[in-house]
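Engineer: Just so it is clear, I am handing over my_file15.pdb, which has PDB, C-alpha atoms.
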ATOM      1  CA  MET A   1      67.895 -41.705  94.652  1.00  0.00           C
ATOM      2  CA  ALA A   2      70.920 -43.236  93.018  1.00  0.00           C
ATOM      3  CA  PHE A   3      74.470 -42.070  92.709  1.00  0.00           C
ATOM      4  CA  PHE A   4      77.872 -43.256  91.627  1.00  0.00           C
ATOM      5  CA  THR A   5      80.792 -42.206  93.750  1.00  0.00           C
ATOM      6  CA  TYR A   6      84.429 -43.050  94.253  1.00  0.00           C
ATOM      7  CA  PHE A   7      86.283 -42.620  97.503  1.00  0.00           C
ATOM      8  CA  ALA A   8      89.123 -43.829  99.687  1.00  0.00           C
ATOM      9  CA  THR A   9      88.477 -47.500 100.395  1.00  0.00           C
ATOM     10  CA  PRO A  10      87.248 -47.970 103.979  1.00  0.00           C
ATOM     11  CA  GLY A  11      90.113 -48.800 106.271  1.00  0.00           C
ATOM     12  CA  GLN A  12      92.693 -47.369 103.909  1.00  0.00           C
ATOM     13  CA  ALA A  13      94.597 -44.217 104.721  1.00  0.00           C
ATOM     14  CA  ARG A  14      93.610 -41.322 102.519  1.00  0.00           C
ATOM     15  CA  ARG A  15      96.355 -39.570 100.670  1.00  0.00           C
ATOM     16  CA  GLY A  16      96.725 -36.690  98.355  1.00  0.00           C
ATOM     17  CA  SER A  17      95.221 -37.081  94.909  1.00  0.00           C
ATOM     18  CA  PRO A  18      95.245 -34.879  91.821  1.00  0.00           C
ATOM     19  CA  ASP A  19      91.494 -35.488  91.640  1.00  0.00           C
ATOM     20  CA  PRO A  20      89.697 -33.159  94.063  1.00  0.00           C
ATOM     21  CA  SER A  21      86.733 -35.536  94.171  1.00  0.00           C
ATOM     22  CA  VAL A  22      88.740 -38.035  96.190  1.00  0.00           C
ATOM     23  CA  GLY A  23      88.849 -37.658  99.927  1.00  0.00           C
ATOM     24  CA  GLY A  24      85.170 -37.446 100.761  1.00  0.00           C
ATOM     25  CA  ALA A  25      83.190 -39.976 102.715  1.00  0.00           C
ATOM     26  CA  ASP A  26      84.071 -43.644 102.538  1.00  0.00           C
ATOM     27  CA  GLY A  27      81.477 -46.325 101.836  1.00  0.00           C
ATOM     28  CA  GLY A  28      80.401 -46.778 105.428  1.00  0.00           C
ATOM     29  CA  GLU A  29      80.066 -43.048 105.863  1.00  0.00           C
ATOM     30  CA  HIS A  30      77.810 -42.841 102.804  1.00  0.00           C
ATOM     31  CA  GLN A  31      75.493 -45.415 104.351  1.00  0.00           C
ATOM     32  CA  ALA A  32      75.408 -43.546 107.641  1.00  0.00           C
ATOM     33  CA  MET A  33      74.775 -40.206 105.954  1.00  0.00           C
ATOM     34  CA  LEU A  34      71.932 -41.610 103.891  1.00  0.00           C
ATOM     35  CA  GLU A  35      70.338 -43.158 106.959  1.00  0.00           C
ATOM     36  CA  ALA A  36      70.752 -39.941 108.945  1.00  0.00           C
ATOM     37  CA  ALA A  37      69.070 -38.035 106.130  1.00  0.00           C
ATOM     38  CA  GLY A  38      66.077 -40.344 106.338  1.00  0.00           C
ATOM     39  CA  PHE A  39      66.741 -42.611 103.396  1.00  0.00           C
ATOM     40  CA  SER A  40      65.940 -46.305 103.619  1.00  0.00           C
ATOM     41  CA  ASP A  41      66.332 -49.466 101.552  1.00  0.00           C
ATOM     42  CA  ILE A  42      69.936 -48.532 100.935  1.00  0.00           C
ATOM     43  CA  VAL A  43      71.711 -50.721  98.409  1.00  0.00           C
ATOM     44  CA  GLU A  44      75.432 -50.520  97.696  1.00  0.00           C
ATOM     45  CA  ILE A  45      76.894 -52.047  94.536  1.00  0.00           C
ATOM     46  CA  ASP A  46      80.650 -52.302  94.205  1.00  0.00           C
ATOM     47  CA  LEU A  47      81.922 -51.123  90.815  1.00  0.00           C
ATOM     48  CA  THR A  48      85.593 -50.922  91.682  1.00  0.00           C
ATOM     49  CA  GLY A  49      86.660 -53.479  89.088  1.00  0.00           C
ATOM     50  CA  ALA A  50      84.851 -51.594  86.336  1.00  0.00           C
ATOM     51  CA  PHE A  51      86.307 -48.337  87.660  1.00  0.00           C
ATOM     52  CA  LEU A  52      89.815 -49.709  87.227  1.00  0.00           C
ATOM     53  CA  THR A  53      89.000 -50.841  83.702  1.00  0.00           C
ATOM     54  CA  THR A  54      87.515 -47.473  82.769  1.00  0.00           C
ATOM     55  CA  ALA A  55      90.252 -45.348  84.322  1.00  0.00           C
ATOM     56  CA  LYS A  56      92.922 -47.464  82.644  1.00  0.00           C
ATOM     57  CA  ALA A  57      91.100 -47.256  79.317  1.00  0.00           C
ATOM     58  CA  TRP A  58      90.952 -43.458  79.553  1.00  0.00           C
ATOM     59  CA  TYR A  59      94.643 -43.263  80.372  1.00  0.00           C
ATOM     60  CA  ASP A  60      95.786 -45.683  77.693  1.00  0.00           C
ATOM     61  CA  GLY A  61      93.401 -44.403  75.037  1.00  0.00           C
ATOM     62  CA  ARG A  62      94.352 -40.787  75.601  1.00  0.00           C
ATOM     63  CA  ARG A  63      98.031 -41.675  75.601  1.00  0.00           C
ATOM     64  CA  ARG A  64      97.652 -43.124  72.101  1.00  0.00           C
ATOM     65  CA  TYR A  65      96.356 -39.757  70.887  1.00  0.00           C
ATOM     66  CA  ALA A  66      98.582 -37.680  73.153  1.00  0.00           C
ATOM     67  CA  ALA A  67      99.793 -35.195  70.553  1.00  0.00           C
ATOM     68  CA  GLU A  68      96.348 -34.406  69.156  1.00  0.00           C
ATOM     69  CA  LEU A  69      94.680 -34.216  72.564  1.00  0.00           C
ATOM     70  CA  ALA A  70      97.421 -32.037  74.036  1.00  0.00           C
ATOM     71  CA  ARG A  71      97.039 -29.631  71.108  1.00  0.00           C
ATOM     72  CA  ALA A  72      93.288 -29.392  71.680  1.00  0.00           C
ATOM     73  CA  GLU A  73      93.293 -29.268  75.477  1.00  0.00           C
ATOM     74  CA  GLY A  74      96.594 -27.570  76.131  1.00  0.00           C
ATOM     75  CA  GLU A  75      99.588 -29.460  77.434  1.00  0.00           C
ATOM     76  CA  ALA A  76      98.960 -28.678  81.114  1.00  0.00           C
ATOM     77  CA  SER A  77      95.320 -29.732  80.988  1.00  0.00           C
ATOM     78  CA  PHE A  78      96.148 -32.907  79.110  1.00  0.00           C
ATOM     79  CA  SER A  79      98.854 -33.853  81.600  1.00  0.00           C
ATOM     80  CA  GLY A  80      96.621 -33.014  84.534  1.00  0.00           C
ATOM     81  CA  LYS A  81      93.834 -35.260  83.294  1.00  0.00           C
ATOM     82  CA  GLN A  82      96.277 -38.065  82.612  1.00  0.00           C
ATOM     83  CA  SER A  83      97.596 -37.717  86.163  1.00  0.00           C
ATOM     84  CA  ILE A  84      94.079 -38.126  87.510  1.00  0.00           C
ATOM     85  CA  TYR A  85      93.353 -41.251  85.480  1.00  0.00           C
ATOM     86  CA  LEU A  86      96.711 -42.776  86.390  1.00  0.00           C
ATOM     87  CA  ASP A  87      96.213 -41.943  90.058  1.00  0.00           C
ATOM     88  CA  HIS A  88      92.886 -43.791  90.005  1.00  0.00           C
ATOM     89  CA  VAL A  89      94.516 -46.806  88.353  1.00  0.00           C
ATOM     90  CA  LYS A  90      97.347 -46.970  90.881  1.00  0.00           C
ATOM     91  CA  SER A  91      95.077 -46.349  93.850  1.00  0.00           C
ATOM     92  CA  VAL A  92      92.574 -49.034  92.879  1.00  0.00           C
ATOM     93  CA  GLN A  93      95.375 -51.493  92.187  1.00  0.00           C
ATOM     94  CA  ALA A  94      96.722 -50.726  95.664  1.00  0.00           C
ATOM     95  CA  GLY A  95      93.296 -51.357  97.173  1.00  0.00           C
ATOM     96  CA  ALA A  96      93.058 -47.754  98.323  1.00  0.00           C
ATOM     97  CA  ARG A  97      90.164 -46.529  96.194  1.00  0.00           C
ATOM     98  CA  SER A  98      86.696 -47.836  95.456  1.00  0.00           C
ATOM     99  CA  ARG A  99      83.751 -46.852  93.316  1.00  0.00           C
ATOM    100  CA  ARG A 100      80.215 -47.813  94.187  1.00  0.00           C
ATOM    101  CA  LEU A 101      76.650 -47.216  93.135  1.00  0.00           C
ATOM    102  CA  PHE A 102      74.331 -46.324  95.985  1.00  0.00           C
ATOM    103  CA  LEU A 103      70.561 -46.665  95.737  1.00  0.00           C
ATOM    104  CA  ALA A 104      68.207 -45.386  98.407  1.00  0.00           C
ATOM    105  CA  ARG A 105      64.571 -44.563  98.885  1.00  0.00           C
ATOM    106  CA  SER A 106      63.226 -41.494 100.685  1.00  0.00           C
TER
ATOM    107  CA  MET B   1      58.786 -51.604  83.440  1.00  0.00           C
ATOM    108  CA  ASP B   2      59.409 -52.171  79.799  1.00  0.00           C
ATOM    109  CA  ALA B   3      63.070 -52.302  78.984  1.00  0.00           C
ATOM    110  CA  PRO B   4      63.726 -48.907  77.418  1.00  0.00           C
ATOM    111  CA  PHE B   5      67.437 -48.896  78.001  1.00  0.00           C
ATOM    112  CA  GLU B   6      68.793 -50.385  74.844  1.00  0.00           C
ATOM    113  CA  ALA B   7      72.410 -49.877  73.940  1.00  0.00           C
ATOM    114  CA  ASN B   8      71.500 -48.983  70.366  1.00  0.00           C
ATOM    115  CA  SER B   9      70.204 -45.604  71.449  1.00  0.00           C
ATOM    116  CA  GLY B  10      70.098 -42.792  68.976  1.00  0.00           C
ATOM    117  CA  PHE B  11      71.299 -40.556  71.768  1.00  0.00           C
ATOM    118  CA  GLU B  12      74.897 -40.255  70.822  1.00  0.00           C
ATOM    119  CA  HIS B  13      76.010 -37.304  68.791  1.00  0.00           C
ATOM    120  CA  SER B  14      79.242 -35.512  68.512  1.00  0.00           C
ATOM    121  CA  CYS B  15      78.957 -32.094  70.074  1.00  0.00           C
ATOM    122  CA  ASP B  16      80.497 -28.803  69.208  1.00  0.00           C
ATOM    123  CA  ASP B  17      82.846 -28.609  72.138  1.00  0.00           C
ATOM    124  CA  VAL B  18      86.413 -27.739  71.306  1.00  0.00           C
ATOM    125  CA  LEU B  19      87.431 -30.895  73.151  1.00  0.00           C
ATOM    126  CA  ASP B  20      85.391 -33.146  70.887  1.00  0.00           C
ATOM    127  CA  THR B  21      88.082 -33.736  68.329  1.00  0.00           C
ATOM    128  CA  PRO B  22      88.081 -37.001  66.391  1.00  0.00           C
ATOM    129  CA  ALA B  23      90.642 -38.281  68.872  1.00  0.00           C
ATOM    130  CA  HIS B  24      88.442 -37.404  71.851  1.00  0.00           C
ATOM    131  CA  LEU B  25      85.439 -39.055  70.268  1.00  0.00           C
ATOM    132  CA  SER B  26      87.424 -42.153  69.417  1.00  0.00           C
ATOM    133  CA  VAL B  27      88.705 -42.578  72.957  1.00  0.00           C
ATOM    134  CA  GLU B  28      85.314 -41.830  74.495  1.00  0.00           C
ATOM    135  CA  ARG B  29      83.623 -44.434  72.322  1.00  0.00           C
ATOM    136  CA  GLU B  30      86.228 -46.983  73.304  1.00  0.00           C
ATOM    137  CA  VAL B  31      85.976 -46.227  77.028  1.00  0.00           C
ATOM    138  CA  ILE B  32      82.310 -45.340  77.593  1.00  0.00           C
ATOM    139  CA  GLY B  33      80.766 -47.292  74.749  1.00  0.00           C
ATOM    140  CA  ALA B  34      79.310 -44.327  72.868  1.00  0.00           C
ATOM    141  CA  ASN B  35      79.850 -40.635  72.165  1.00  0.00           C
ATOM    142  CA  VAL B  36      77.693 -39.044  74.817  1.00  0.00           C
ATOM    143  CA  GLY B  37      79.766 -36.155  76.126  1.00  0.00           C
ATOM    144  CA  ALA B  38      81.305 -38.186  78.935  1.00  0.00           C
ATOM    145  CA  ASN B  39      84.751 -37.891  80.425  1.00  0.00           C
ATOM    146  CA  GLY B  40      84.119 -39.774  83.663  1.00  0.00           C
ATOM    147  CA  TYR B  41      83.557 -43.357  84.680  1.00  0.00           C
ATOM    148  CA  THR B  42      79.894 -44.124  84.053  1.00  0.00           C
ATOM    149  CA  THR B  43      79.762 -46.393  81.045  1.00  0.00           C
ATOM    150  CA  LEU B  44      76.844 -46.888  78.710  1.00  0.00           C
ATOM    151  CA  ASP B  45      76.067 -50.217  80.357  1.00  0.00           C
ATOM    152  CA  GLN B  46      76.172 -48.676  83.830  1.00  0.00           C
ATOM    153  CA  ALA B  47      73.840 -45.857  82.811  1.00  0.00           C
ATOM    154  CA  GLY B  48      71.381 -48.394  81.473  1.00  0.00           C
ATOM    155  CA  GLU B  49      71.637 -50.411  84.652  1.00  0.00           C
ATOM    156  CA  LEU B  50      71.049 -47.276  86.697  1.00  0.00           C
ATOM    157  CA  GLY B  51      67.851 -46.587  84.760  1.00  0.00           C
ATOM    158  CA  ARG B  52      66.642 -50.119  85.368  1.00  0.00           C
ATOM    159  CA  LEU B  53      67.489 -50.125  89.064  1.00  0.00           C
ATOM    160  CA  VAL B  54      65.569 -46.926  89.781  1.00  0.00           C
ATOM    161  CA  HIS B  55      62.679 -48.130  87.602  1.00  0.00           C
ATOM    162  CA  LEU B  56      62.679 -44.903  85.667  1.00  0.00           C
ATOM    163  CA  GLN B  57      59.351 -44.401  83.884  1.00  0.00           C
ATOM    164  CA  ARG B  58      57.835 -41.944  81.459  1.00  0.00           C
ATOM    165  CA  GLU B  59      55.818 -40.229  84.201  1.00  0.00           C
ATOM    166  CA  ASP B  60      58.838 -39.662  86.456  1.00  0.00           C
ATOM    167  CA  ARG B  61      60.562 -36.363  87.102  1.00  0.00           C
ATOM    168  CA  LEU B  62      64.319 -36.873  87.146  1.00  0.00           C
ATOM    169  CA  LEU B  63      66.910 -34.546  88.656  1.00  0.00           C
ATOM    170  CA  ASP B  64      70.540 -35.023  87.622  1.00  0.00           C
ATOM    171  CA  ILE B  65      72.763 -33.162  90.075  1.00  0.00           C
ATOM    172  CA  GLY B  66      76.079 -32.027  88.645  1.00  0.00           C
ATOM    173  CA  ALA B  67      74.887 -33.056  85.225  1.00  0.00           C
ATOM    174  CA  GLY B  68      77.956 -31.974  83.313  1.00  0.00           C
ATOM    175  CA  ARG B  69      77.264 -32.102  79.584  1.00  0.00           C
ATOM    176  CA  GLY B  70      74.177 -34.234  80.094  1.00  0.00           C
ATOM    177  CA  TRP B  71      75.597 -37.647  80.719  1.00  0.00           C
ATOM    178  CA  PRO B  72      73.814 -39.709  81.917  1.00  0.00           C
ATOM    179  CA  GLY B  73      70.782 -37.528  82.733  1.00  0.00           C
ATOM    180  CA  LEU B  74      69.773 -36.700  79.178  1.00  0.00           C
ATOM    181  CA  TYR B  75      70.379 -40.249  78.084  1.00  0.00           C
ATOM    182  CA  LEU B  76      68.049 -41.562  80.789  1.00  0.00           C
ATOM    183  CA  ALA B  77      65.415 -38.998  79.811  1.00  0.00           C
ATOM    184  CA  GLU B  78      65.722 -39.906  76.169  1.00  0.00           C
ATOM    185  CA  GLN B  79      65.476 -43.609  76.881  1.00  0.00           C
ATOM    186  CA  SER B  80      62.669 -43.538  79.444  1.00  0.00           C
ATOM    187  CA  GLY B  81      60.577 -40.633  78.177  1.00  0.00           C
ATOM    188  CA  CYS B  82      60.664 -38.987  81.603  1.00  0.00           C
ATOM    189  CA  GLU B  83      61.004 -35.295  82.374  1.00  0.00           C
ATOM    190  CA  ALA B  84      64.532 -34.308  83.326  1.00  0.00           C
ATOM    191  CA  THR B  85      66.100 -31.373  85.087  1.00  0.00           C
ATOM    192  CA  LEU B  86      69.832 -30.939  84.766  1.00  0.00           C
ATOM    193  CA  LEU B  87      71.521 -29.009  87.546  1.00  0.00           C
ATOM    194  CA  GLU B  88      75.036 -27.874  86.717  1.00  0.00           C
ATOM    195  CA  ILE B  89      77.303 -25.094  87.887  1.00  0.00           C
ATOM    196  CA  SER B  90      79.061 -24.633  84.550  1.00  0.00           C
ATOM    197  CA  ASP B  91      77.328 -22.464  81.956  1.00  0.00           C
ATOM    198  CA  SER B  92      79.412 -24.040  79.242  1.00  0.00           C
ATOM    199  CA  ASP B  93      78.341 -27.533  80.248  1.00  0.00           C
ATOM    200  CA  LEU B  94      74.705 -26.441  80.424  1.00  0.00           C
ATOM    201  CA  ARG B  95      74.933 -25.066  76.891  1.00  0.00           C
ATOM    202  CA  GLN B  96      76.391 -28.362  75.740  1.00  0.00           C
ATOM    203  CA  SER B  97      73.534 -30.199  77.426  1.00  0.00           C
ATOM    204  CA  LEU B  98      70.962 -27.983  75.767  1.00  0.00           C
ATOM    205  CA  GLY B  99      72.506 -28.592  72.368  1.00  0.00           C
ATOM    206  CA  ARG B 100      72.496 -32.306  72.988  1.00  0.00           C
ATOM    207  CA  ALA B 101      68.837 -32.217  74.040  1.00  0.00           C
ATOM    208  CA  GLU B 102      67.954 -30.223  70.926  1.00  0.00           C
ATOM    209  CA  ARG B 103      69.638 -32.774  68.695  1.00  0.00           C
ATOM    210  CA  THR B 104      67.625 -35.563  70.286  1.00  0.00           C
ATOM    211  CA  ASN B 105      64.371 -33.585  70.283  1.00  0.00           C
ATOM    212  CA  ILE B 106      63.786 -33.827  74.023  1.00  0.00           C
ATOM    213  CA  THR B 107      64.067 -30.175  75.021  1.00  0.00           C
ATOM    214  CA  ALA B 108      60.311 -29.945  75.677  1.00  0.00           C
ATOM    215  CA  ARG B 109      60.662 -32.189  78.701  1.00  0.00           C
ATOM    216  CA  CYS B 110      64.090 -31.047  79.853  1.00  0.00           C
ATOM    217  CA  SER B 111      65.081 -28.138  82.067  1.00  0.00           C
ATOM    218  CA  PHE B 112      68.550 -26.733  82.483  1.00  0.00           C
ATOM    219  CA  VAL B 113      69.338 -25.026  85.759  1.00  0.00           C
ATOM    220  CA  ARG B 114      72.551 -23.402  86.914  1.00  0.00           C
ATOM    221  CA  GLY B 115      73.185 -24.267  90.544  1.00  0.00           C
ATOM    222  CA  THR B 116      74.818 -26.597  93.022  1.00  0.00           C
ATOM    223  CA  ALA B 117      73.803 -29.462  95.248  1.00  0.00           C
ATOM    224  CA  THR B 118      74.468 -27.423  98.368  1.00  0.00           C
ATOM    225  CA  ALA B 119      71.677 -24.985  97.533  1.00  0.00           C
ATOM    226  CA  LEU B 120      69.095 -26.797  95.453  1.00  0.00           C
ATOM    227  CA  PRO B 121      66.790 -24.214  93.868  1.00  0.00           C
ATOM    228  CA  PHE B 122      63.716 -26.454  93.957  1.00  0.00           C
ATOM    229  CA  ARG B 123      60.708 -27.009  96.175  1.00  0.00           C
ATOM    230  CA  SER B 124      60.484 -30.160  98.228  1.00  0.00           C
ATOM    231  CA  LYS B 125      59.063 -33.167  96.389  1.00  0.00           C
ATOM    232  CA  SER B 126      59.752 -31.657  92.979  1.00  0.00           C
ATOM    233  CA  PHE B 127      61.310 -34.891  91.743  1.00  0.00           C
ATOM    234  CA  ASP B 128      60.708 -38.619  91.804  1.00  0.00           C
ATOM    235  CA  VAL B 129      64.274 -39.706  91.088  1.00  0.00           C
ATOM    236  CA  LEU B 130      67.570 -38.006  91.930  1.00  0.00           C
ATOM    237  CA  ILE B 131      70.846 -39.112  90.421  1.00  0.00           C
ATOM    238  CA  HIS B 132      74.423 -37.984  90.303  1.00  0.00           C
ATOM    239  CA  ALA B 133      77.592 -39.466  88.969  1.00  0.00           C
ATOM    240  CA  ASP B 134      80.889 -38.875  90.735  1.00  0.00           C
ATOM    241  CA  VAL B 135      80.068 -35.326  91.687  1.00  0.00           C
ATOM    242  CA  LEU B 136      82.527 -33.511  93.882  1.00  0.00           C
TER
END
Kindly present the structure from the file in structure tokens form.
Structural biologist:
Amino acid sequence: MAFFTYFATPGQARRGSPDPSVGGADGGEHQAMLEAAGFSDIVEIDLTGAFLTTAKAWYDGRRRYAAELARAEGEASFSGKQSIYLDHVKSVQAGARSRRLFLARS
Amino acid sequence: MDAPFEANSGFEHSCDDVLDTPAHLSVEREVIGANVGANGYTTLDQAGELGRLVHLQREDRLLDIGAGRGWPGLYLAEQSGCEATLLEISDSDLRQSLGRAERTNITARCSFVRGTATALPFRSKSFDVLIHADVL
């Protein structure tokens, strides 16, 4: 099994986010859950730096095409998505959010 | 394993989604590295690395949970030759995935299932590899 996930960085207080995906288990909790479910050979690869790059690229790239994208998506949806990308950027820069790839064998 | 995960895949196609305007496609290509129906954080390079790390092979049965519009599950199926099942709660996203699979001629070894991770509609040991990418 393999999965990418982002979460509140371990040891950092969780806070409200416009992205409902944030707020689940932290990295240590993922390890524990996988072990409890019977998985072994668990590998954890930190992708937080790439996550920051990608989230920032979404935000900046979409901002360049703001008028066209807002027309297609609707203003509220466009703004909502931009809020999510910007929240990820700010949270990672503050050390409060991480993204990792987990690998495990059943 | 041979190295099937080449970045010059023929996988990418624009799709018919209303959100795939030229602007969307331009930004997606810049951010993800290709037009693959992605709006998340798994880049083309990361998808390839995922395929390598799980040693995905032609004989494998892959389950992508929360598959969205088929990224990266369909891409991994296309690149490895494996069978793939895409589990997704959104009918619209499943239709997009099916269209993408049709355009890459891999529908014969792909299944599209509406459902969620909390109630997997499969028998035990139905799959060799499970993946998901930033699923809520």
Engineer: Tell me which of A:Arg99, A:Ala2, A:Ser79, A:Ser106 sits closest to Thr54 of chain A, counting all atoms listed in the file.
Structural biologist: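 Nearest to Thr54 of chain A: A:Arg99.
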Engineer: Considering only C-alpha atoms, give me a table of residues in segment 18-119 of chain B that are at most 12 Å from segment 35-45 of chain A, with the closest atom pair and distance in Å for each, as CSV.
Structural biologist:
residue,atom,partner,partner_atom,distance
B:Gln46,CA,A:Ile45,CA,11.2
B:Glu49,CA,A:Ile45,CA,11.3
B:Leu50,CA,A:Ile45,CA,10.9
B:Leu53,CA,A:Val43,CA,10.3
B:Val54,CA,A:Val43,CA,11.3
Engineer: For Phe51 of chain A, which residue out of B:Leu87, B:Val129, B:Leu63, B:Val31 is the nearest one, using only C-alpha atoms?
Structural biologist: B:Val31
Engineer: State, in Å with one decimal place, the distance from atom CA of Ala57 of chain A to atom CA of Leu130 of chain B.
Structural biologist: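 The value is 28.3 Å.
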Engineer: Given the file above and the ChimeraX specification (/A :<10) & /B, which residues are selected, and can you give them as a ChimeraX atom specification?
Structural biologist: /B:18-24,26-28,30-32,39-43,46,50-51,53-54,62-65,127-136
Engineer: For Asp45 of chain B, which of B:Gln57, B:Ala67, B:Gly81, B:Pro72 is the closest residue, counting all atoms listed in the file?
Structural biologist: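 For Asp45 of chain B, the nearest of the candidates is B:Pro72.
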Engineer: Choose the residue, out of B:Ala77, B:Val113, B:Ala38, B:Leu120, that has the smallest atom-to-atom separation from Asp91 of chain B; count all atoms listed in the file.
Structural biologist: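 Of B:Ala77, B:Val113, B:Ala38, B:Leu120, the one nearest Asp91 of chain B, counting all atoms listed in the file, is B:Val113.
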Engineer: Atom CA of Thr9 of chain A and atom CA of Gly115 of chain B, how far apart in Å?
Structural biologist: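 That distance, rounded to one decimal, is 29.5 Å.
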Engineer: Which distance in Å separates atom CA of Leu94 of chain B and atom CA of Gly48 of chain B, to one decimal?
Structural biologist: 22.2 Å
Engineer: Considering only C-alpha atoms, return as a compact mmCIF listing (two decimals) with C-alpha atoms, in the frame of the given file whatever protein or nucleic-acid residues lie within 10 Å of Gln93 of chain A, sequence-local ones (same chain, fewer than 6 positions apart) excluded.
Structural biologist:
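The new file part.txt reads:
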# COMPACT_ATOMS: atom_id res chain seq x y z
CA THR A 48 85.59 -50.92 91.68
CA GLY A 49 86.66 -53.48 89.09
CA LEU A 52 89.82 -49.71 87.23
CA ASP A 87 96.21 -41.94 90.06
Engineer: With 3 Å added on each side, what axis-aligned box encloses every listed atom of segment 117-133 of chain B? Give the centre and edge lengths in Å to one decimal, as lines of an AutoDock Vina configuration file.
Structural biologist:
center_x = 68.3
center_y = -32.0
center_z = 93.7
size_x = 24.5
size_y = 21.5
size_z = 15.4
Engineer: Going by the chain IDs and residue numbers used in this file, which residues fall under the PyMOL selection byres ((chain B and resi 92) around 12)? Write them as a short mmCIF file (atom, residue, chain, number, x, y, z; two decimals) with C-alpha atoms, in the frame of the given file.
Structural biologist:
data_model
loop_
_atom_site.label_atom_id
_atom_site.label_comp_id
_atom_site.auth_asym_id
_atom_site.auth_seq_id
_atom_site.Cartn_x
_atom_site.Cartn_y
_atom_site.Cartn_z
CA ASP B 16 80.50 -28.80 69.21
CA ASP B 17 82.85 -28.61 72.14
CA VAL B 18 86.41 -27.74 71.31
CA ALA B 67 74.89 -33.06 85.22
CA GLY B 68 77.96 -31.97 83.31
CA ARG B 69 77.26 -32.10 79.58
CA GLY B 70 74.18 -34.23 80.09
CA GLU B 88 75.04 -27.87 86.72
CA ILE B 89 77.30 -25.09 87.89
CA SER B 90 79.06 -24.63 84.55
CA ASP B 91 77.33 -22.46 81.96
CA ASP B 93 78.34 -27.53 80.25
CA LEU B 94 74.70 -26.44 80.42
CA ARG B 95 74.93 -25.07 76.89
CA GLN B 96 76.39 -28.36 75.74
CA SER B 97 73.53 -30.20 77.43
CA LEU B 98 70.96 -27.98 75.77
CA GLY B 99 72.51 -28.59 72.37
CA PHE B 112 68.55 -26.73 82.48
CA ARG B 114 72.55 -23.40 86.91
#
Engineer: Would you please take segment 107-119 of chain B of the structure in the block above and write N, CA and C atoms to a file as a PDB file, in the first residue's frame?
Structural biologist:
ATOM      1  N   THR B 107      -9.401   0.742 -21.185  1.00  0.00           N
ATOM      2  CA  THR B 107     -10.648   0.422 -20.479  1.00  0.00           C
ATOM      3  C   THR B 107     -10.794  -1.076 -20.215  1.00  0.00           C
ATOM      4  N   ALA B 108     -10.210  -1.912 -21.064  1.00  0.00           N
ATOM      5  CA  ALA B 108     -10.382  -3.365 -20.899  1.00  0.00           C
ATOM      6  C   ALA B 108      -9.788  -3.861 -19.593  1.00  0.00           C
ATOM      7  N   ARG B 109      -8.841  -3.160 -19.053  1.00  0.00           N
ATOM      8  CA  ARG B 109      -8.246  -3.599 -17.786  1.00  0.00           C
ATOM      9  C   ARG B 109      -8.481  -2.589 -16.665  1.00  0.00           C
ATOM     10  N   CYS B 110      -9.510  -1.770 -16.831  1.00  0.00           N
ATOM     11  CA  CYS B 110      -9.853  -0.802 -15.791  1.00  0.00           C
ATOM     12  C   CYS B 110     -11.304  -0.974 -15.359  1.00  0.00           C
ATOM     13  N   SER B 111     -11.542  -0.812 -14.077  1.00  0.00           N
ATOM     14  CA  SER B 111     -12.897  -0.843 -13.539  1.00  0.00           C
ATOM     15  C   SER B 111     -13.148   0.465 -12.814  1.00  0.00           C
ATOM     16  N   PHE B 112     -14.400   0.886 -12.840  1.00  0.00           N
ATOM     17  CA  PHE B 112     -14.760   2.166 -12.252  1.00  0.00           C
ATOM     18  C   PHE B 112     -15.904   1.920 -11.278  1.00  0.00           C
ATOM     19  N   VAL B 113     -15.652   2.171 -10.022  1.00  0.00           N
ATOM     20  CA  VAL B 113     -16.601   1.783  -8.976  1.00  0.00           C
ATOM     21  C   VAL B 113     -16.937   3.003  -8.133  1.00  0.00           C
ATOM     22  N   ARG B 114     -18.242   3.217  -7.935  1.00  0.00           N
ATOM     23  CA  ARG B 114     -18.657   4.314  -7.062  1.00  0.00           C
ATOM     24  C   ARG B 114     -18.685   3.790  -5.631  1.00  0.00           C
ATOM     25  N   GLY B 115     -17.960   4.446  -4.744  1.00  0.00           N
ATOM     26  CA  GLY B 115     -17.932   4.007  -3.359  1.00  0.00           C
ATOM     27  C   GLY B 115     -16.917   4.809  -2.567  1.00  0.00           C
ATOM     28  N   THR B 116     -16.784   4.437  -1.296  1.00  0.00           N
ATOM     29  CA  THR B 116     -15.877   5.158  -0.412  1.00  0.00           C
ATOM     30  C   THR B 116     -14.966   4.185   0.326  1.00  0.00           C
ATOM     31  N   ALA B 117     -13.915   4.741   0.876  1.00  0.00           N
ATOM     32  CA  ALA B 117     -12.931   3.925   1.588  1.00  0.00           C
ATOM     33  C   ALA B 117     -13.506   3.321   2.858  1.00  0.00           C
ATOM     34  N   THR B 118     -14.539   3.929   3.403  1.00  0.00           N
ATOM     35  CA  THR B 118     -15.083   3.428   4.663  1.00  0.00           C
ATOM     36  C   THR B 118     -15.962   2.197   4.472  1.00  0.00           C
ATOM     37  N   ALA B 119     -16.306   1.901   3.237  1.00  0.00           N
ATOM     38  CA  ALA B 119     -17.113   0.702   2.968  1.00  0.00           C
ATOM     39  C   ALA B 119     -16.671   0.130   1.618  1.00  0.00           C
TER      40      ALA B 119
END
